[in-house]
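Read the structure below first, then the notes.
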Amino acid sequence: MRGKHPVVDMILENRELSKLKSTYIDALPAAMDSQTGRVHTSYSQIGAVTGRISSSNPNLQNIPIRTEEGRRVRNGFIAEKGSVLLSVDYSQIELRIVAHMAKDESMLAAFRAGEDIHVTTAAAVYGVENDAVTKEMRRHAKAINFGLIYGMSAFGLARSTDLTLAEAENFVKTYFEKFPGVKKYLDEIRQLAGQQGYVETLLNRRRYFPALQGKINPQMKNREEREAINAPIQGTAADIMKIAMLKIPSALKAAGLKSRMLLQVHDELVLECPKDEMQKTAQVVQETMANAYPLSIPLETEAKAGRSWGEMQVLK
DNA sequence: AACTAGGCT
DNA sequence: GTATAAGCCTAGTTG
């Protein structure tokens with residue numbers, strides 16, 4: 001209803017700002033440890049059923065970034081004097097895992113060629129060359145790639161985009177024709193989950209789905225089918241990140257670096273490093289993350305650095 | 001405790 | 001006819 005009456009936008013603005021104030025601006029300074037002068041989160045290794053870790057008291061995995069006002073909260077996370085914050089994240093790790101596990105030749109080829117996966121997807125589905133892909137085409141392709149890892153339907157695609165249901169149905173159909181390996185993989189996962197009552201990640205982390213076995217409530221079945229599709233993808237990404245995190249401290253030490261890990265945000269690690277160690281640290285961390293658990297395609301990473309977590313520049 | 005809302009990947 | 005996109009944590013309200 002945004003724009004239909006002035007009060008709507010006022011309500012939404014109030015909600016945004018009161019969320020930022022109560023959850024972050026008031027809470028974070030109060031969470032500061034008087035001994036260290038820092039905010040210390042707690043991580044739970046079994047925080048999520050997928051294998052992800054969770055963060056609480058305070059949660060530092062949901063620090064704002066999306067809006068301008070929100071980003072100002074993130075600007076408050078700063079490195080100590082003489083140091084910078086270094087953030088390294090995996091690029092499209094979940095889609096790379098899909099390509100690997102589904103062994104889909106078209107998707108693997110796109111990643112091998114180092115292409116923008118959403119552009120490649122758009123080109124395939126719309127039947128045009130990569131350089132003829134418009135912003136709108138890419139946006140639609142991004143929505144379906146994104147929805148894919150959550151087990152989304154054509155209905156869900158239509159709802160999340162400006163596509164009509166008929167257009168979305170057609171889009172999904174073409175998508176699976178262009179990526180038959182992905183289609184086959186999704187069908188196999190559904191079947192496997194129903195047959196075994198569980199699915200596993202690449203590193204054998206298991207998640208059970210009781211409702212897929214016994215008598216079946218269709219709603220519950222659909223929900224668990226989506227969860228069963230997402231679990232190996234999200235869970236494998238979590239496994240790989242955990243392996244990287246195990247390797248990083250010794251890799252840094254071996255390189256004679258003082259930098260250390262501060263935070264993990266699912267596909268991102270934030271480190272604090274002395275300014276003169278920035279480039280070397282980025283190299284070591286990127287290398288360790290990329291090779292934590294090699295897949296049939298490269299795992300790429302992006303490194304950014306800056307004085308604060310909200311104002312970082314991409315490193316080359 | 002249940003529910004709504006909203007922050008993140 | 002019904003429902004429809006995964007995983008979390010925190011704050012505020014209500015009873």
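We name chains A, B, ... following the order of the structure tokens; residues begin at 1 in each chain, and ligands are numbered from 1 as shown.
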
message: as a list in words, please: the residues near Ser259 in chain A (cut-off 8 Å, only C-alpha atoms (C1' of nucleotides), same-chain neighbours under 5 positions excluded).
response: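 Residues meeting the cut-off are Leu252, Leu271, Glu272, Cys273, Pro274, Glu277 and Thr281 of chain A.
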
Now that the selection is made, can you save its residues with C-alpha atoms as an mmCIF file, in the first residue's frame?
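Written output follows (again14.cif):
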```cif
data_model
loop_
_atom_site.group_PDB
_atom_site.id
_atom_site.type_symbol
_atom_site.label_atom_id
_atom_site.label_comp_id
_atom_site.auth_asym_id
_atom_site.auth_seq_id
_atom_site.Cartn_x
_atom_site.Cartn_y
_atom_site.Cartn_z
ATOM 1 C CA LEU A 252 47.648 -17.141 9.153
ATOM 2 C CA LEU A 271 38.950 -10.348 10.229
ATOM 3 C CA GLU A 272 40.883 -7.631 11.972
ATOM 4 C CA CYS A 273 44.337 -7.071 10.585
ATOM 5 C CA PRO A 274 47.184 -4.618 11.024
ATOM 6 C CA GLU A 277 49.160 -7.081 6.699
ATOM 7 C CA THR A 281 45.969 -11.620 4.919
#
```

Expected answer as an mmCIF file with C-alpha atoms (C1' of nucleotides), in the first residue's frame: chain C residues within 8 Å of chain A, only C-alpha atoms (C1' of nucleotides):
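To be explicit, this is the file written out as selection18.cif:
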```cif
data_model
loop_
_atom_site.group_PDB
_atom_site.id
_atom_site.type_symbol
_atom_site.label_atom_id
_atom_site.label_comp_id
_atom_site.auth_asym_id
_atom_site.auth_seq_id
_atom_site.Cartn_x
_atom_site.Cartn_y
_atom_site.Cartn_z
ATOM 1 C "C1'" DA C 3 -1.343 -23.403 -0.404
ATOM 2 C "C1'" DT C 4 2.603 -21.851 -2.426
ATOM 3 C "C1'" DA C 5 10.638 -19.481 -0.760
ATOM 4 C "C1'" DA C 6 15.202 -21.855 3.072
ATOM 5 C "C1'" DG C 7 17.646 -20.617 7.715
ATOM 6 C "C1'" DC C 8 18.116 -17.652 11.981
ATOM 7 C "C1'" DC C 9 17.540 -13.790 16.500
ATOM 8 C "C1'" DT C 10 15.411 -9.763 18.881
ATOM 9 C "C1'" DA C 11 11.909 -6.385 20.247
#
```

Closest atom pairs, chain B residues within 9 Å of chain A, only C-alpha atoms (C1' of nucleotides), as a tab-separated table:
```
residue	atom	partner	partner_atom	distance
B:DA5	C1'	A:Arg15	CA	8.6
B:DG6	C1'	A:Lys19	CA	7.1
B:DG7	C1'	A:Asn62	CA	5.6
B:DC8	C1'	A:Asn62	CA	3.6
B:DT9	C1'	A:His266	CA	6.2
```

message: Give me the residues near DA2 in chain B as a ChimeraX atom specification, where near means some atom within 12 Å (using only C-alpha atoms (C1' of nucleotides)) and where sequence neighbours in that chain fewer than 5 positions away do not count.
response: /C:13-15

Exercise: range 79-86 of chain A partners within 9 Å, only C-alpha atoms (C1' of nucleotides), chain neighbours under 6 positions left out, as JSON, numbers by chain: {"A": [269, 270, 271, 272, 273, 274, 275, 276, 277, 278, 281, 282, 303, 304, 305, 306, 307, 308, 309, 312]}

Could the residues in this selection be written to a file with N, CA and C atoms, as a PDB file, in the first residue's frame?
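part_13.pdb written:
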```
ATOM      1  N   LEU A 269      33.495 -13.966   6.182  1.00  0.00           N
ATOM      2  CA  LEU A 269      34.321 -13.898   7.384  1.00  0.00           C
ATOM      3  C   LEU A 269      34.838 -12.481   7.523  1.00  0.00           C
ATOM      4  N   VAL A 270      34.816 -11.965   8.746  1.00  0.00           N
ATOM      5  CA  VAL A 270      35.376 -10.646   9.011  1.00  0.00           C
ATOM      6  C   VAL A 270      36.599 -10.816   9.900  1.00  0.00           C
ATOM      7  N   LEU A 271      37.712 -10.279   9.460  1.00  0.00           N
ATOM      8  CA  LEU A 271      38.950 -10.348  10.229  1.00  0.00           C
ATOM      9  C   LEU A 271      39.428  -8.951  10.583  1.00  0.00           C
ATOM     10  N   GLU A 272      40.235  -8.885  11.624  1.00  0.00           N
ATOM     11  CA  GLU A 272      40.883  -7.631  11.972  1.00  0.00           C
ATOM     12  C   GLU A 272      42.359  -7.818  11.684  1.00  0.00           C
ATOM     13  N   CYS A 273      42.914  -6.908  10.890  1.00  0.00           N
ATOM     14  CA  CYS A 273      44.337  -7.071  10.585  1.00  0.00           C
ATOM     15  C   CYS A 273      45.080  -5.753  10.591  1.00  0.00           C
ATOM     16  N   PRO A 274      46.324  -5.794  11.094  1.00  0.00           N
ATOM     17  CA  PRO A 274      47.184  -4.618  11.024  1.00  0.00           C
ATOM     18  C   PRO A 274      47.244  -4.132   9.578  1.00  0.00           C
ATOM     19  N   LYS A 275      47.225  -2.817   9.416  1.00  0.00           N
ATOM     20  CA  LYS A 275      47.161  -2.246   8.056  1.00  0.00           C
ATOM     21  C   LYS A 275      48.191  -2.830   7.106  1.00  0.00           C
ATOM     22  N   ASP A 276      49.412  -3.022   7.614  1.00  0.00           N
ATOM     23  CA  ASP A 276      50.474  -3.496   6.713  1.00  0.00           C
ATOM     24  C   ASP A 276      50.342  -4.984   6.375  1.00  0.00           C
ATOM     25  N   GLU A 277      49.375  -5.657   6.998  1.00  0.00           N
ATOM     26  CA  GLU A 277      49.160  -7.081   6.699  1.00  0.00           C
ATOM     27  C   GLU A 277      47.966  -7.321   5.795  1.00  0.00           C
ATOM     28  N   MET A 278      47.278  -6.236   5.427  1.00  0.00           N
ATOM     29  CA  MET A 278      45.980  -6.374   4.762  1.00  0.00           C
ATOM     30  C   MET A 278      46.039  -7.247   3.505  1.00  0.00           C
ATOM     31  N   THR A 281      47.050 -10.909   4.222  1.00  0.00           N
ATOM     32  CA  THR A 281      45.969 -11.620   4.919  1.00  0.00           C
ATOM     33  C   THR A 281      44.857 -11.984   3.943  1.00  0.00           C
ATOM     34  N   ALA A 282      44.502 -11.041   3.101  1.00  0.00           N
ATOM     35  CA  ALA A 282      43.444 -11.299   2.118  1.00  0.00           C
ATOM     36  C   ALA A 282      43.833 -12.483   1.245  1.00  0.00           C
ATOM     37  N   ALA A 303      37.155 -10.037  -1.604  1.00  0.00           N
ATOM     38  CA  ALA A 303      37.706  -9.430  -0.388  1.00  0.00           C
ATOM     39  C   ALA A 303      37.482  -7.927  -0.404  1.00  0.00           C
ATOM     40  N   LYS A 304      37.070  -7.413   0.752  1.00  0.00           N
ATOM     41  CA  LYS A 304      36.904  -5.974   0.909  1.00  0.00           C
ATOM     42  C   LYS A 304      37.564  -5.562   2.213  1.00  0.00           C
ATOM     43  N   ALA A 305      38.002  -4.325   2.292  1.00  0.00           N
ATOM     44  CA  ALA A 305      38.625  -3.866   3.524  1.00  0.00           C
ATOM     45  C   ALA A 305      38.315  -2.410   3.781  1.00  0.00           C
ATOM     46  N   GLY A 306      38.352  -2.039   5.053  1.00  0.00           N
ATOM     47  CA  GLY A 306      38.112  -0.651   5.419  1.00  0.00           C
ATOM     48  C   GLY A 306      38.233  -0.455   6.915  1.00  0.00           C
ATOM     49  N   ARG A 307      38.149   0.797   7.324  1.00  0.00           N
ATOM     50  CA  ARG A 307      38.225   1.096   8.760  1.00  0.00           C
ATOM     51  C   ARG A 307      36.978   0.569   9.468  1.00  0.00           C
ATOM     52  N   SER A 308      35.816   0.629   8.788  1.00  0.00           N
ATOM     53  CA  SER A 308      34.587   0.131   9.402  1.00  0.00           C
ATOM     54  C   SER A 308      33.933  -0.925   8.524  1.00  0.00           C
ATOM     55  N   TRP A 309      33.041  -1.680   9.149  1.00  0.00           N
ATOM     56  CA  TRP A 309      32.370  -2.792   8.475  1.00  0.00           C
ATOM     57  C   TRP A 309      31.372  -2.287   7.422  1.00  0.00           C
ATOM     58  N   MET A 312      33.606  -0.384   3.099  1.00  0.00           N
ATOM     59  CA  MET A 312      34.746  -1.196   2.684  1.00  0.00           C
ATOM     60  C   MET A 312      34.933  -1.078   1.178  1.00  0.00           C
TER      61      MET A 312
END
```

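Coordinates place CA of Asp89 in chain A at a distance of 22.0 Å from CA of Val39 in chain A.
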
message: Taking only range 56-243 of chain A into account, list the residues labelled strand (DSSP E) by DSSP (computed from the backbone), as a ChimeraX atom specification.
response: /A:56,83-90,198-200,206-208

Got time to write the residues from that selection, C-alpha atoms, as a PDB file, in the first residue's frame?
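After the write, part-v6.pdb holds the following:
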```pdb
ATOM      1  CA  SER A  56      23.125 -14.388  19.776  1.00  0.00           C
ATOM      2  CA  SER A  83      44.222  -2.024  11.860  1.00  0.00           C
ATOM      3  CA  VAL A  84      41.481  -2.524   9.312  1.00  0.00           C
ATOM      4  CA  LEU A  85      38.515  -4.821   9.012  1.00  0.00           C
ATOM      5  CA  LEU A  86      38.830  -7.335   6.206  1.00  0.00           C
ATOM      6  CA  SER A  87      35.728  -9.058   4.894  1.00  0.00           C
ATOM      7  CA  VAL A  88      35.971 -12.068   2.591  1.00  0.00           C
ATOM      8  CA  ASP A  89      32.867 -13.720   1.236  1.00  0.00           C
ATOM      9  CA  TYR A  90      32.120 -16.629  -1.067  1.00  0.00           C
ATOM     10  CA  TYR A 198      16.517 -37.849   5.330  1.00  0.00           C
ATOM     11  CA  VAL A 199      18.982 -36.088   3.028  1.00  0.00           C
ATOM     12  CA  GLU A 200      22.705 -35.393   3.439  1.00  0.00           C
ATOM     13  CA  ARG A 206      22.097 -35.446   7.774  1.00  0.00           C
ATOM     14  CA  ARG A 207      18.675 -33.842   8.185  1.00  0.00           C
ATOM     15  CA  TYR A 208      15.549 -35.895   8.804  1.00  0.00           C
TER      16      TYR A 208
END
```

Just want the 10 Å neighbourhood of Leu295 in chain A, counted on only C-alpha atoms (C1' of nucleotides), with same-chain residues fewer than 5 positions away dropped. Output as a compact mmCIF listing (two decimals) with N, CA and C atoms, in the first residue's frame.
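Final output, saved to result.txt:
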```txt
# COMPACT_ATOMS: atom_id res chain seq x y z
N ARG A 96 26.89 -22.52 -6.87
CA ARG A 96 28.02 -23.35 -7.29
C ARG A 96 27.85 -24.77 -6.75
N ILE A 97 27.33 -24.87 -5.54
CA ILE A 97 27.08 -26.18 -4.95
C ILE A 97 25.98 -26.91 -5.73
N ALA A 99 25.33 -26.51 -8.92
CA ALA A 99 25.95 -26.93 -10.18
C ALA A 99 26.78 -28.19 -9.97
N HIS A 100 27.54 -28.20 -8.88
CA HIS A 100 28.40 -29.35 -8.57
C HIS A 100 27.58 -30.60 -8.28
N MET A 101 26.60 -30.48 -7.40
CA MET A 101 25.85 -31.67 -6.97
C MET A 101 24.93 -32.17 -8.08
N ALA A 290 38.91 -20.65 -0.72
CA ALA A 290 38.68 -21.21 -2.06
C ALA A 290 39.02 -22.69 -2.12
```

Atom pair CA of Val285 in chain A / CA of Thr41 in chain A: separation (Å):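 The value is 21.9 Å.
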
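For Glu188 in chain A, the set of protein, DNA and RNA residues having any atom at most 10 Å away, when counting only C-alpha atoms (C1' of nucleotides) and skipping those fewer than 6 positions along the same chain, is Ala102, Val182, Gly194 and Ile229 of chain A.
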
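CA of Ala238 in chain A to CA of Glu94 in chain A spans 9.6 Å [interatomic distance, one decimal].
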
- request: Report as a PyMOL selection string: the residues of range 109-277 of chain A with a DSSP assignment of helix (DSSP H, G or I), based on the backbone of this structure.
  value: chain A and resi 109-112+117-126+130-132+135-148+154-160+165-178+180-196+210-212+218-254+275-277

How would the residues just picked look written out with C-alpha atoms as a short mmCIF file (atom, residue, chain, number, x, y, z; two decimals), in the first residue's frame?
```cif
data_model
loop_
_atom_site.label_atom_id
_atom_site.label_comp_id
_atom_site.auth_asym_id
_atom_site.auth_seq_id
_atom_site.Cartn_x
_atom_site.Cartn_y
_atom_site.Cartn_z
CA ALA A 109 30.26 -24.39 -17.95
CA ALA A 110 29.03 -20.95 -16.94
CA PHE A 111 30.96 -21.06 -13.67
CA ARG A 112 34.06 -22.49 -15.36
CA ILE A 117 25.66 -16.63 -13.61
CA HIS A 118 22.47 -14.57 -13.69
CA VAL A 119 23.34 -13.15 -17.11
CA THR A 120 24.11 -16.62 -18.43
CA THR A 121 20.84 -17.94 -17.02
CA ALA A 122 18.90 -15.08 -18.58
CA ALA A 123 20.58 -15.63 -21.95
CA ALA A 124 19.71 -19.33 -21.85
CA VAL A 125 16.10 -18.86 -20.84
CA TYR A 126 15.38 -15.91 -23.16
CA ASN A 130 24.95 -12.90 -23.17
CA ASP A 131 25.56 -9.31 -24.29
CA ALA A 132 21.90 -8.92 -25.30
CA LYS A 135 18.53 -5.62 -16.74
CA GLU A 136 14.99 -6.94 -16.54
CA MET A 137 15.99 -10.28 -18.01
CA ARG A 138 18.84 -10.58 -15.54
CA ARG A 139 16.54 -9.64 -12.66
CA HIS A 140 14.12 -12.43 -13.56
CA ALA A 141 16.95 -14.92 -13.92
CA LYS A 142 18.35 -13.89 -10.57
CA ALA A 143 14.96 -14.43 -8.96
CA ILE A 144 14.67 -17.95 -10.30
CA ASN A 145 18.26 -18.86 -9.42
CA PHE A 146 17.63 -17.56 -5.94
CA GLY A 147 14.27 -19.30 -5.59
CA LEU A 148 15.73 -22.53 -6.89
CA ALA A 154 6.18 -20.84 -10.42
CA PHE A 155 3.62 -19.28 -8.11
CA GLY A 156 6.39 -18.12 -5.80
CA LEU A 157 8.41 -16.77 -8.73
CA ALA A 158 5.42 -14.80 -9.97
CA ARG A 159 4.82 -13.38 -6.52
CA SER A 160 8.42 -12.28 -6.07
CA LEU A 165 1.67 -16.67 -13.23
CA ALA A 166 1.54 -17.82 -16.87
CA GLU A 167 4.84 -16.09 -17.63
CA ALA A 168 6.45 -17.54 -14.55
CA GLU A 169 5.25 -21.04 -15.44
CA ASN A 170 6.73 -20.66 -18.89
CA PHE A 171 9.95 -19.27 -17.45
CA VAL A 172 10.37 -22.22 -15.08
CA LYS A 173 9.65 -24.68 -17.88
CA THR A 174 12.28 -23.14 -20.13
CA TYR A 175 14.71 -22.92 -17.23
CA PHE A 176 14.54 -26.65 -16.60
CA GLU A 177 14.87 -27.38 -20.33
CA LYS A 178 18.09 -25.38 -20.36
CA PRO A 180 18.14 -30.49 -17.25
CA GLY A 181 20.71 -31.60 -14.72
CA VAL A 182 19.19 -29.28 -12.14
CA LYS A 183 15.68 -30.61 -12.85
CA LYS A 184 16.89 -34.18 -12.46
CA TYR A 185 18.72 -33.34 -9.25
CA LEU A 186 15.65 -31.74 -7.67
CA ASP A 187 13.50 -34.73 -8.57
CA GLU A 188 16.08 -37.11 -7.15
CA ILE A 189 16.33 -35.21 -3.88
CA ARG A 190 12.54 -35.27 -3.45
CA GLN A 191 12.49 -38.99 -4.12
CA LEU A 192 15.45 -39.70 -1.86
CA ALA A 193 14.03 -37.66 0.99
CA GLY A 194 10.73 -39.54 0.79
CA GLN A 195 12.42 -42.92 0.50
CA GLN A 196 15.04 -42.53 3.23
CA PRO A 210 9.54 -37.34 9.35
CA ALA A 211 6.46 -36.11 7.51
CA LEU A 212 7.79 -37.34 4.18
CA PRO A 218 0.03 -32.38 1.60
CA GLN A 219 0.98 -29.01 3.10
CA MET A 220 3.52 -30.61 5.39
CA LYS A 221 4.80 -32.74 2.54
CA ASN A 222 5.33 -29.72 0.33
CA ARG A 223 7.05 -27.82 3.12
CA GLU A 224 9.38 -30.71 3.88
CA GLU A 225 10.12 -31.20 0.19
CA ARG A 226 11.28 -27.59 -0.01
CA GLU A 227 13.32 -28.00 3.16
CA ALA A 228 14.82 -31.20 1.72
CA ILE A 229 15.86 -29.33 -1.41
CA ASN A 230 17.40 -26.48 0.54
CA ALA A 231 19.11 -28.57 3.24
CA PRO A 232 21.96 -30.11 1.18
CA ILE A 233 22.63 -26.78 -0.52
CA GLN A 234 22.63 -24.50 2.51
CA GLY A 235 24.20 -27.28 4.61
CA THR A 236 27.06 -27.96 2.21
CA ALA A 237 27.88 -24.26 2.12
CA ALA A 238 27.94 -24.29 5.92
CA ASP A 239 30.20 -27.36 5.95
CA ILE A 240 32.66 -25.74 3.57
CA MET A 241 32.76 -22.50 5.55
CA LYS A 242 33.40 -24.44 8.76
CA ILE A 243 36.32 -26.28 7.13
CA ALA A 244 37.76 -22.95 6.00
CA MET A 245 37.38 -21.55 9.51
CA LEU A 246 39.28 -24.53 10.94
CA LYS A 247 42.15 -23.98 8.53
CA ILE A 248 42.48 -20.21 8.70
CA PRO A 249 44.16 -19.70 12.09
CA SER A 250 47.07 -22.04 11.28
CA ALA A 251 47.33 -20.67 7.75
CA LEU A 252 47.65 -17.14 9.15
CA LYS A 253 50.18 -18.27 11.72
CA ALA A 254 52.24 -20.12 9.12
CA LYS A 275 47.16 -2.25 8.06
CA ASP A 276 50.47 -3.50 6.71
CA GLU A 277 49.16 -7.08 6.70
#
```
